[in-house]
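Engineer: My structure file work.csv, CSV, N, CA and C atoms, is below:
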chain,number,residue,atom,x,y,z
A,1,GLN,N,-7.4,-14.9,9.9
A,1,GLN,CA,-6.9,-13.6,10.5
A,1,GLN,C,-5.5,-13.3,9.9
A,2,VAL,N,-5.4,-12.0,9.5
A,2,VAL,CA,-4.1,-11.6,9.0
A,2,VAL,C,-3.7,-10.4,9.8
A,3,GLN,N,-2.4,-10.3,10.3
A,3,GLN,CA,-1.9,-9.2,11.0
A,3,GLN,C,-0.8,-8.5,10.1
A,4,LEU,N,-0.9,-7.2,10.1
A,4,LEU,CA,0.0,-6.4,9.2
A,4,LEU,C,0.8,-5.4,10.0
A,5,VAL,N,2.1,-5.3,9.7
A,5,VAL,CA,2.9,-4.4,10.4
A,5,VAL,C,3.8,-3.6,9.4
A,6,GLU,N,3.6,-2.3,9.4
A,6,GLU,CA,4.3,-1.5,8.4
A,6,GLU,C,5.6,-1.0,9.0
A,7,SER,N,6.5,-0.6,8.2
A,7,SER,CA,7.8,0.0,8.6
A,7,SER,C,8.4,0.7,7.5
A,8,GLY,N,9.4,1.6,7.8
A,8,GLY,CA,10.1,2.3,6.7
A,8,GLY,C,9.8,3.7,6.5
A,9,GLY,N,8.8,4.2,7.3
A,9,GLY,CA,8.5,5.6,7.2
A,9,GLY,C,9.6,6.5,7.8
A,10,GLY,N,9.4,7.8,7.5
A,10,GLY,CA,10.4,8.7,8.1
A,10,GLY,C,10.3,10.1,7.4
A,11,LEU,N,11.3,10.9,7.6
A,11,LEU,CA,11.4,12.2,7.1
A,11,LEU,C,12.4,12.2,5.9
A,12,VAL,N,11.9,12.8,4.8
A,12,VAL,CA,12.8,12.9,3.6
A,12,VAL,C,12.5,14.2,2.9
A,13,GLN,N,13.6,14.7,2.2
A,13,GLN,CA,13.4,15.9,1.5
A,13,GLN,C,12.7,15.6,0.1
A,14,ALA,N,12.1,16.7,-0.4
A,14,ALA,CA,11.4,16.5,-1.7
A,14,ALA,C,12.4,16.1,-2.7
A,15,GLY,N,11.9,15.1,-3.6
A,15,GLY,CA,12.8,14.6,-4.6
A,15,GLY,C,13.4,13.3,-4.1
A,16,GLY,N,13.4,13.0,-2.8
A,16,GLY,CA,14.0,11.8,-2.3
A,16,GLY,C,13.1,10.6,-2.4
A,17,SER,N,13.6,9.5,-1.8
A,17,SER,CA,13.0,8.2,-1.9
A,17,SER,C,12.8,7.5,-0.6
A,18,LEU,N,11.8,6.7,-0.5
A,18,LEU,CA,11.6,5.8,0.7
A,18,LEU,C,11.1,4.5,0.2
A,19,ARG,N,11.3,3.5,1.0
A,19,ARG,CA,10.7,2.2,0.7
A,19,ARG,C,9.9,1.7,2.0
A,20,LEU,N,8.7,1.6,1.9
A,20,LEU,CA,7.8,1.1,3.0
A,20,LEU,C,7.7,-0.4,2.8
A,21,SER,N,7.7,-1.1,4.0
A,21,SER,CA,7.5,-2.5,4.0
A,21,SER,C,6.3,-2.8,4.9
A,22,CYS,N,5.6,-3.9,4.5
A,22,CYS,CA,4.5,-4.4,5.3
A,22,CYS,C,4.6,-5.9,5.4
A,23,ALA,N,4.9,-6.3,6.7
A,23,ALA,CA,5.0,-7.7,7.0
A,23,ALA,C,3.7,-8.3,7.4
A,24,ALA,N,3.3,-9.4,6.8
A,24,ALA,CA,2.0,-10.0,7.1
A,24,ALA,C,2.2,-11.4,7.7
A,25,SER,N,1.3,-11.7,8.7
A,25,SER,CA,1.3,-13.0,9.2
A,25,SER,C,0.3,-13.9,8.4
A,26,GLY,N,0.3,-15.2,8.6
A,26,GLY,CA,-0.6,-16.0,7.9
A,26,GLY,C,0.0,-16.8,6.8
A,27,ARG,N,-0.5,-18.0,6.6
A,27,ARG,CA,0.1,-18.9,5.6
A,27,ARG,C,-0.4,-18.6,4.2
A,28,THR,N,-1.5,-17.9,4.1
A,28,THR,CA,-2.1,-17.7,2.8
A,28,THR,C,-1.9,-16.3,2.2
A,29,PHE,N,-0.8,-15.7,2.6
A,29,PHE,CA,-0.4,-14.3,2.2
A,29,PHE,C,-0.5,-14.3,0.7
A,30,SER,N,0.0,-15.3,0.0
A,30,SER,CA,0.2,-15.2,-1.5
A,30,SER,C,-1.1,-15.1,-2.2
A,31,THR,N,-2.2,-15.5,-1.5
A,31,THR,CA,-3.5,-15.4,-2.1
A,31,THR,C,-4.3,-14.2,-1.8
A,32,TYR,N,-3.7,-13.2,-1.1
A,32,TYR,CA,-4.4,-12.0,-0.7
A,32,TYR,C,-4.0,-10.9,-1.6
A,33,ALA,N,-4.9,-10.0,-2.0
A,33,ALA,CA,-4.6,-8.8,-2.6
A,33,ALA,C,-4.1,-7.8,-1.5
A,34,MET,N,-3.1,-7.1,-1.8
A,34,MET,CA,-2.4,-6.1,-0.9
A,34,MET,C,-2.6,-4.7,-1.4
A,35,GLY,N,-2.9,-3.8,-0.5
A,35,GLY,CA,-3.1,-2.4,-0.9
A,35,GLY,C,-2.3,-1.5,0.0
A,36,TRP,N,-2.0,-0.3,-0.5
A,36,TRP,CA,-1.5,0.7,0.3
A,36,TRP,C,-2.4,1.9,0.2
A,37,PHE,N,-2.7,2.5,1.3
A,37,PHE,CA,-3.5,3.7,1.4
A,37,PHE,C,-2.8,4.8,2.2
A,38,ARG,N,-3.2,6.0,2.2
A,38,ARG,CA,-2.6,7.0,3.0
A,38,ARG,C,-3.6,8.0,3.4
A,39,GLN,N,-3.3,8.7,4.5
A,39,GLN,CA,-4.2,9.7,5.1
A,39,GLN,C,-3.3,10.9,5.5
A,40,GLY,N,-3.5,12.0,4.7
A,40,GLY,CA,-2.7,13.2,5.0
A,40,GLY,C,-3.4,14.0,6.1
A,41,PRO,N,-2.7,15.1,6.6
A,41,PRO,CA,-3.3,15.9,7.7
A,41,PRO,C,-4.6,16.6,7.2
A,42,GLY,N,-5.7,16.4,7.9
A,42,GLY,CA,-7.0,17.0,7.5
A,42,GLY,C,-7.6,16.4,6.3
A,43,LYS,N,-7.1,15.2,5.8
A,43,LYS,CA,-7.7,14.6,4.6
A,43,LYS,C,-8.3,13.3,4.9
A,44,GLU,N,-9.1,12.8,4.0
A,44,GLU,CA,-9.6,11.5,4.1
A,44,GLU,C,-8.6,10.4,3.6
A,45,ARG,N,-8.8,9.2,4.1
A,45,ARG,CA,-7.9,8.1,3.6
A,45,ARG,C,-8.1,8.0,2.1
A,46,GLU,N,-7.0,7.8,1.4
A,46,GLU,CA,-7.1,7.6,-0.1
A,46,GLU,C,-6.2,6.5,-0.5
A,47,PHE,N,-6.6,5.9,-1.6
A,47,PHE,CA,-5.9,4.8,-2.3
A,47,PHE,C,-4.6,5.3,-2.9
A,48,VAL,N,-3.6,4.4,-2.7
A,48,VAL,CA,-2.3,4.7,-3.3
A,48,VAL,C,-1.9,3.6,-4.4
A,49,ALA,N,-1.9,2.4,-3.9
A,49,ALA,CA,-1.5,1.3,-4.9
A,49,ALA,C,-2.1,0.0,-4.4
A,50,ALA,N,-2.2,-1.0,-5.3
A,50,ALA,CA,-2.7,-2.3,-4.9
A,50,ALA,C,-2.0,-3.3,-5.8
A,51,ASP,N,-1.8,-4.5,-5.2
A,51,ASP,CA,-1.3,-5.6,-6.0
A,51,ASP,C,-2.3,-6.8,-5.9
A,52,SER,N,-2.9,-7.2,-7.0
A,52,SER,CA,-3.7,-8.3,-7.0
A,52,SER,C,-2.8,-9.5,-7.3
A,53,TRP,N,-2.8,-10.5,-6.5
A,53,TRP,CA,-1.8,-11.6,-6.6
A,53,TRP,C,-2.1,-12.3,-7.9
A,54,SER,N,-3.3,-12.3,-8.4
A,54,SER,CA,-3.6,-13.0,-9.7
A,54,SER,C,-2.9,-12.3,-10.9
A,55,ALA,N,-2.1,-13.0,-11.6
A,55,ALA,CA,-1.5,-12.5,-12.8
A,55,ALA,C,-0.6,-11.3,-12.5
A,56,GLY,N,-0.3,-11.0,-11.2
A,56,GLY,CA,0.6,-9.9,-10.9
A,56,GLY,C,0.1,-8.6,-11.3
A,57,ARG,N,-1.2,-8.4,-11.3
A,57,ARG,CA,-1.7,-7.1,-11.6
A,57,ARG,C,-1.5,-6.1,-10.5
A,58,ALA,N,-1.1,-4.8,-10.9
A,58,ALA,CA,-0.9,-3.7,-10.0
A,58,ALA,C,-1.7,-2.5,-10.4
A,59,TYR,N,-2.2,-1.8,-9.5
A,59,TYR,CA,-3.0,-0.6,-9.7
A,59,TYR,C,-2.5,0.6,-8.9
A,60,TYR,N,-2.5,1.8,-9.5
A,60,TYR,CA,-2.0,2.9,-8.9
A,60,TYR,C,-3.0,4.1,-9.0
A,61,ALA,N,-2.9,5.0,-7.9
A,61,ALA,CA,-3.6,6.2,-8.0
A,61,ALA,C,-2.9,7.1,-9.0
A,62,ASP,N,-3.6,7.9,-9.7
A,62,ASP,CA,-3.0,8.8,-10.7
A,62,ASP,C,-1.9,9.7,-10.1
A,63,SER,N,-2.1,10.1,-8.9
A,63,SER,CA,-1.2,11.0,-8.2
A,63,SER,C,0.2,10.4,-8.0
A,64,VAL,N,0.3,9.1,-8.0
A,64,VAL,CA,1.6,8.4,-7.7
A,64,VAL,C,2.1,7.6,-8.9
A,65,LYS,N,1.3,7.5,-9.9
A,65,LYS,CA,1.7,6.7,-11.1
A,65,LYS,C,3.0,7.2,-11.7
A,66,GLY,N,3.9,6.3,-11.9
A,66,GLY,CA,5.2,6.6,-12.4
A,66,GLY,C,6.3,7.0,-11.4
A,67,ARG,N,5.8,7.2,-10.1
A,67,ARG,CA,6.7,7.5,-9.0
A,67,ARG,C,6.8,6.4,-8.0
A,68,PHE,N,5.7,5.7,-7.7
A,68,PHE,CA,5.6,4.7,-6.7
A,68,PHE,C,5.5,3.3,-7.4
A,69,THR,N,6.0,2.3,-6.7
A,69,THR,CA,5.9,0.9,-7.2
A,69,THR,C,5.6,0.0,-6.1
A,70,ILE,N,4.6,-0.8,-6.3
A,70,ILE,CA,4.2,-1.8,-5.3
A,70,ILE,C,4.8,-3.2,-5.7
A,71,ALA,N,5.3,-3.9,-4.8
A,71,ALA,CA,5.9,-5.2,-5.1
A,71,ALA,C,5.7,-6.1,-3.9
A,72,ARG,N,5.7,-7.4,-4.1
A,72,ARG,CA,5.5,-8.3,-3.0
A,72,ARG,C,6.5,-9.4,-3.1
A,73,ASP,N,6.9,-10.0,-2.0
A,73,ASP,CA,7.8,-11.1,-1.9
A,73,ASP,C,7.0,-12.1,-1.0
A,74,ASN,N,6.4,-13.1,-1.7
A,74,ASN,CA,5.5,-14.1,-1.1
A,74,ASN,C,6.3,-15.0,-0.1
A,75,ALA,N,7.6,-15.2,-0.5
A,75,ALA,CA,8.5,-16.0,0.4
A,75,ALA,C,8.7,-15.4,1.8
A,76,LYS,N,8.6,-14.0,1.8
A,76,LYS,CA,8.9,-13.3,3.0
A,76,LYS,C,7.6,-12.7,3.6
A,77,ASN,N,6.4,-13.1,3.0
A,77,ASN,CA,5.1,-12.5,3.4
A,77,ASN,C,5.2,-11.0,3.6
A,78,THR,N,5.8,-10.3,2.6
A,78,THR,CA,6.0,-8.9,2.7
A,78,THR,C,5.6,-8.2,1.4
A,79,VAL,N,5.0,-7.1,1.5
A,79,VAL,CA,4.7,-6.2,0.4
A,79,VAL,C,5.4,-4.9,0.6
A,80,TYR,N,5.9,-4.3,-0.5
A,80,TYR,CA,6.7,-3.1,-0.4
A,80,TYR,C,6.0,-2.0,-1.2
A,81,LEU,N,6.4,-0.8,-0.8
A,81,LEU,CA,6.0,0.4,-1.6
A,81,LEU,C,7.2,1.2,-1.8
A,82,GLN,N,7.8,1.2,-3.0
A,82,GLN,CA,8.9,2.0,-3.3
A,82,GLN,C,8.4,3.4,-3.8
A,83,MET,N,8.8,4.4,-3.1
A,83,MET,CA,8.4,5.8,-3.4
A,83,MET,C,9.5,6.6,-3.8
A,84,ASN,N,9.5,7.1,-5.0
A,84,ASN,CA,10.5,7.9,-5.6
A,84,ASN,C,10.0,9.3,-5.9
A,85,SER,N,10.9,10.2,-6.1
A,85,SER,CA,10.5,11.6,-6.5
A,85,SER,C,9.4,12.1,-5.6
A,86,LEU,N,9.6,12.0,-4.3
A,86,LEU,CA,8.6,12.3,-3.3
A,86,LEU,C,8.4,13.8,-3.3
A,87,LYS,N,7.1,14.2,-3.0
A,87,LYS,CA,6.7,15.6,-3.0
A,87,LYS,C,6.1,15.9,-1.6
A,88,PRO,N,6.1,17.1,-1.2
A,88,PRO,CA,5.5,17.5,0.1
A,88,PRO,C,4.0,17.0,0.2
A,89,GLU,N,3.3,16.9,-0.9
A,89,GLU,CA,1.9,16.5,-0.8
A,89,GLU,C,1.8,15.0,-0.6
A,90,ASP,N,2.9,14.3,-0.6
A,90,ASP,CA,2.9,12.8,-0.3
A,90,ASP,C,2.9,12.6,1.2
A,91,THR,N,3.1,13.7,2.0
A,91,THR,CA,3.1,13.6,3.4
A,91,THR,C,1.8,13.0,4.0
A,92,ALA,N,1.9,11.9,4.7
A,92,ALA,CA,0.7,11.2,5.2
A,92,ALA,C,1.1,10.0,6.1
A,93,VAL,N,0.2,9.5,6.8
A,93,VAL,CA,0.3,8.2,7.4
A,93,VAL,C,0.0,7.2,6.3
A,94,TYR,N,0.8,6.2,6.1
A,94,TYR,CA,0.6,5.2,5.1
A,94,TYR,C,0.2,3.9,5.7
A,95,TYR,N,-0.8,3.3,5.2
A,95,TYR,CA,-1.4,2.1,5.7
A,95,TYR,C,-1.3,1.0,4.7
A,96,CYS,N,-1.0,-0.2,5.2
A,96,CYS,CA,-1.0,-1.4,4.4
A,96,CYS,C,-2.4,-2.1,4.7
A,97,ALA,N,-2.9,-2.8,3.7
A,97,ALA,CA,-4.2,-3.5,3.9
A,97,ALA,C,-4.2,-4.8,3.1
A,98,ALA,N,-5.0,-5.7,3.5
A,98,ALA,CA,-5.0,-7.0,2.9
A,98,ALA,C,-6.5,-7.5,2.7
A,99,ALA,N,-6.7,-8.1,1.5
A,99,ALA,CA,-8.1,-8.6,1.2
A,99,ALA,C,-7.9,-10.0,0.6
A,100,PRO,N,-8.7,-10.9,1.0
A,100,PRO,CA,-8.7,-12.3,0.4
A,100,PRO,C,-9.4,-12.2,-1.0
A,101,GLY,N,-9.1,-13.1,-1.8
A,101,GLY,CA,-9.8,-13.2,-3.1
A,101,GLY,C,-9.1,-12.5,-4.2
A,102,THR,N,-9.5,-12.8,-5.4
A,102,THR,CA,-8.8,-12.2,-6.6
A,102,THR,C,-9.9,-12.1,-7.8
A,103,GLY,N,-9.4,-11.6,-8.9
A,103,GLY,CA,-10.2,-11.6,-10.1
A,103,GLY,C,-11.1,-10.4,-10.2
A,104,TYR,N,-10.8,-9.3,-9.4
A,104,TYR,CA,-11.6,-8.1,-9.5
A,104,TYR,C,-10.8,-7.0,-10.2
A,105,ASP,N,-11.5,-5.9,-10.4
A,105,ASP,CA,-10.8,-4.8,-11.2
A,105,ASP,C,-10.2,-3.8,-10.3
A,106,GLY,N,-9.6,-2.8,-10.9
A,106,GLY,CA,-8.9,-1.8,-10.2
A,106,GLY,C,-9.8,-0.9,-9.3
A,107,ILE,N,-11.0,-0.7,-9.7
A,107,ILE,CA,-12.0,0.0,-8.9
A,107,ILE,C,-12.2,-0.7,-7.6
A,108,TYR,N,-12.4,-2.0,-7.6
A,108,TYR,CA,-12.6,-2.8,-6.4
A,108,TYR,C,-11.4,-2.7,-5.5
A,109,TYR,N,-10.2,-2.8,-6.0
A,109,TYR,CA,-9.0,-2.8,-5.1
A,109,TYR,C,-8.7,-1.4,-4.6
A,110,ALA,N,-9.3,-0.3,-5.2
A,110,ALA,CA,-9.0,1.0,-4.8
A,110,ALA,C,-10.0,1.4,-3.6
A,111,ARG,N,-10.9,0.6,-3.3
A,111,ARG,CA,-11.9,1.0,-2.3
A,111,ARG,C,-11.3,0.5,-0.9
A,112,SER,N,-11.3,1.3,0.1
A,112,SER,CA,-10.8,0.9,1.4
A,112,SER,C,-11.8,-0.2,2.0
A,113,SER,N,-13.0,-0.1,1.6
A,113,SER,CA,-14.0,-1.1,2.2
A,113,SER,C,-13.7,-2.5,1.7
A,114,THR,N,-12.9,-2.7,0.7
A,114,THR,CA,-12.6,-4.0,0.2
A,114,THR,C,-11.7,-4.8,1.1
A,115,TYR,N,-11.0,-4.0,2.0
A,115,TYR,CA,-9.9,-4.6,2.8
A,115,TYR,C,-10.4,-4.8,4.3
A,116,PRO,N,-10.5,-6.1,4.7
A,116,PRO,CA,-10.8,-6.3,6.1
A,116,PRO,C,-9.7,-6.2,7.1
A,117,TYR,N,-8.4,-6.2,6.6
A,117,TYR,CA,-7.3,-6.2,7.5
A,117,TYR,C,-6.4,-5.0,7.2
A,118,TRP,N,-6.0,-4.4,8.3
A,118,TRP,CA,-5.2,-3.1,8.2
A,118,TRP,C,-4.0,-3.1,9.2
A,119,GLY,N,-3.0,-2.5,8.8
A,119,GLY,CA,-1.9,-2.3,9.7
A,119,GLY,C,-2.1,-1.0,10.5
A,120,GLN,N,-1.1,-0.7,11.3
A,120,GLN,CA,-1.3,0.5,12.2
A,120,GLN,C,-0.8,1.8,11.6
A,121,GLY,N,-0.1,1.7,10.5
A,121,GLY,CA,0.3,2.9,9.8
A,121,GLY,C,1.7,3.3,10.1
A,122,THR,N,2.3,4.0,9.1
A,122,THR,CA,3.7,4.5,9.3
A,122,THR,C,3.7,5.9,8.7
A,123,GLN,N,4.3,6.8,9.4
A,123,GLN,CA,4.3,8.2,9.0
A,123,GLN,C,5.4,8.5,8.0
A,124,VAL,N,5.0,9.2,6.9
A,124,VAL,CA,6.0,9.7,5.9
A,124,VAL,C,5.8,11.2,5.8
A,125,THR,N,6.9,11.9,6.0
A,125,THR,CA,6.9,13.3,6.0
A,125,THR,C,7.9,13.8,4.9
A,126,VAL,N,7.5,14.6,4.0
A,126,VAL,CA,8.3,15.1,2.9
A,126,VAL,C,8.5,16.6,3.1
A,127,SER,N,9.7,17.0,3.3
A,127,SER,CA,9.9,18.4,3.5
A,127,SER,C,10.3,19.1,2.2
A,128,SER,N,9.9,20.4,2.1
A,128,SER,CA,10.2,21.1,0.8
A,128,SER,C,11.5,21.8,0.8
Rewrite the coordinates I just gave you, this time as structure tokens.
Structural biologist:
Amino acid sequence: QVQLVESGGGLVQAGGSLRLSCAASGRTFSTYAMGWFRQGPGKEREFVAADSWSAGRAYYADSVKGRFTIARDNAKNTVYLQMNSLKPEDTAVYYCAAAPGTGYDGIYYARSSTYPYWGQGTQVTVSS
């Protein structure tokens, strides 16, 4: 069982930055793939970024590539999402997710069904 707690959301102006954190419980955090998803108002949940612990592979949605960076600190059982150059369309509830296993491709890690463990979400609002 893995428990995830997100933090770091808030209100920011367009062009600004935020860093989200996701603290995970469990001794095997380092062997889990970690993902970030988001759900905007009236929209379905969508993939943002994922970190496959194997070989440090990271995957990003096209909409955030070059602006967002996922990183993990296994010593702190924490995964981060650094968000730069934020846009109003980035406004959403952001969720952290965890999945055991490795060795899969970006398509696998972009599916929400891959992840059995989810945090409660943190709100990010970007004003224009």
Engineer: Taking the chain letters and numbering used in this document, name the residues of chain A that DSSP puts in strand (DSSP E or B), as number ranges by chain.
Structural biologist: A: 4-7, 10-13, 18-24, 32-39, 46-52, 57-60, 68-73, 78-83, 92-100, 117-118, 122-127
Engineer: Quick check, in Å to one decimal: how far apart do CA of Ala110 in chain A and CA of Gly40 in chain A lie?
Structural biologist: 16.9 Å
Engineer: Which of chain A end up as helix (DSSP H, G or I) when DSSP is run on this backbone - answer as a list in words?
Structural biologist: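 Checking each residue of chain A, the helix (DSSP H, G or I) ones are Phe29, Ser30, Thr31, Ser54, Ala55, Gly56, Asn74, Ala75, Lys76, Pro88, Glu89, Asp90, Gly106, Ile107, Tyr108, Tyr109, Ser112, Ser113 and Thr114 of chain A.
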Engineer: Taking only N, CA and C atoms into account, which of A:Cys22, A:Val5, A:Ala92, A:Ala99 comes nearest Pro41 in chain A?
Structural biologist: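 Ranking A:Cys22, A:Val5, A:Ala92, A:Ala99 by distance to Pro41 in chain A, first place goes to A:Ala92.
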Engineer: Would you be able to write out as a ChimeraX atom specification which residues have an atom within 8 Å of (10.1, 1.6, 0.9) in the file's coordinates, counting only N, CA and C atoms?
Structural biologist: /A:7-9,17-22,80-83
Engineer: Could you check how far CA of Val2 in chain A sits from CA of Tyr104 in chain A, in Å to one decimal?
Structural biologist: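 Taking CA of Val2 in chain A and CA of Tyr104 in chain A, their separation equals 20.3 Å.
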Engineer: Just to confirm, what's the straight-line distance from CA of Thr78 in chain A to CA of Ala23 in chain A in Å (one decimal)?
Structural biologist: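 Pair CA of Thr78 in chain A / CA of Ala23 in chain A returns 4.6 Å.
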Engineer: Which residues, protein or nucleic acid, reach to within 7 Å of (-1.9, 10.3, 4.0) in the file's coordinates when using all atoms listed in the file, and can you give that as a PyMOL selection string?
Structural biologist: chain A and resi 37-41+44-46+90-94
Engineer: My list of candidates is A:Ala33, A:Val124, A:Cys96, A:Leu86. Which is closest to Phe47 in chain A when distances are computed with only C-alpha atoms?
Structural biologist: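 The answer is A:Cys96, which sits nearest to Phe47 in chain A.
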Engineer: Given the choices A:Phe68, A:Asn74, A:Gln13, A:Ala61, which gets closest to Pro88 in chain A if the distance is worked out from only C-alpha atoms?
Structural biologist: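 Of the candidates, the smallest distance to Pro88 in chain A is held by A:Gln13.
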Engineer: Using all atoms listed in the file, which of the listed residues (A:Gly106, A:Trp53, A:Glu89, A:Ala58) sits closest to Phe29 in chain A?
Structural biologist: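 Ranking A:Gly106, A:Trp53, A:Glu89, A:Ala58 by distance to Phe29 in chain A, first place goes to A:Trp53.
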Engineer: Which one of A:Gln3, A:Trp36, A:Ser52, A:Ala24 sits closest to Gly103 in chain A if you count only C-alpha atoms?
Structural biologist: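 For Gly103 in chain A, the nearest of the given residues is A:Ser52.
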Engineer: Find the spatial neighbours of Ala49 in chain A, counting only C-alpha atoms, within a cut-off of 6 Å - ignore same-chain residues fewer than 3 positions away - and output them as number ranges by chain.
Structural biologist: A: 35-36, 59-60
Engineer: Taking N, CA and C atoms for each residue, export the selection above as a PDB file, in the frame of the given file.
Structural biologist:
ATOM      1  N   GLY A  35      -2.900  -3.800  -0.500  1.00  0.00           N
ATOM      2  CA  GLY A  35      -3.100  -2.400  -0.900  1.00  0.00           C
ATOM      3  C   GLY A  35      -2.300  -1.500   0.000  1.00  0.00           C
ATOM      4  N   TRP A  36      -2.000  -0.300  -0.500  1.00  0.00           N
ATOM      5  CA  TRP A  36      -1.500   0.700   0.300  1.00  0.00           C
ATOM      6  C   TRP A  36      -2.400   1.900   0.200  1.00  0.00           C
ATOM      7  N   TYR A  59      -2.200  -1.800  -9.500  1.00  0.00           N
ATOM      8  CA  TYR A  59      -3.000  -0.600  -9.700  1.00  0.00           C
ATOM      9  C   TYR A  59      -2.500   0.600  -8.900  1.00  0.00           C
ATOM     10  N   TYR A  60      -2.500   1.800  -9.500  1.00  0.00           N
ATOM     11  CA  TYR A  60      -2.000   2.900  -8.900  1.00  0.00           C
ATOM     12  C   TYR A  60      -3.000   4.100  -9.000  1.00  0.00           C
TER      13      TYR A  60
END
Engineer: In terms of the shortest atom-to-atom distance over only C-alpha atoms, which of A:Ser113, A:Ala71, A:Leu11, A:Ala97 is closest to Thr125 in chain A?
Structural biologist: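 Between A:Ser113, A:Ala71, A:Leu11, A:Ala97, the residue approaching Thr125 in chain A most closely is A:Leu11.
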Engineer: Adding 4 Å on each side of the box along x, y and z that holds all listed atoms of range 75-80 of chain A, could you give its centre and edge lengths in Å to one decimal, as AutoDock Vina command-line options?
Structural biologist:
--center_x 6.8 --center_y -9.0 --center_z 1.2 --size_x 12.2 --size_y 22.0 --size_z 12.8
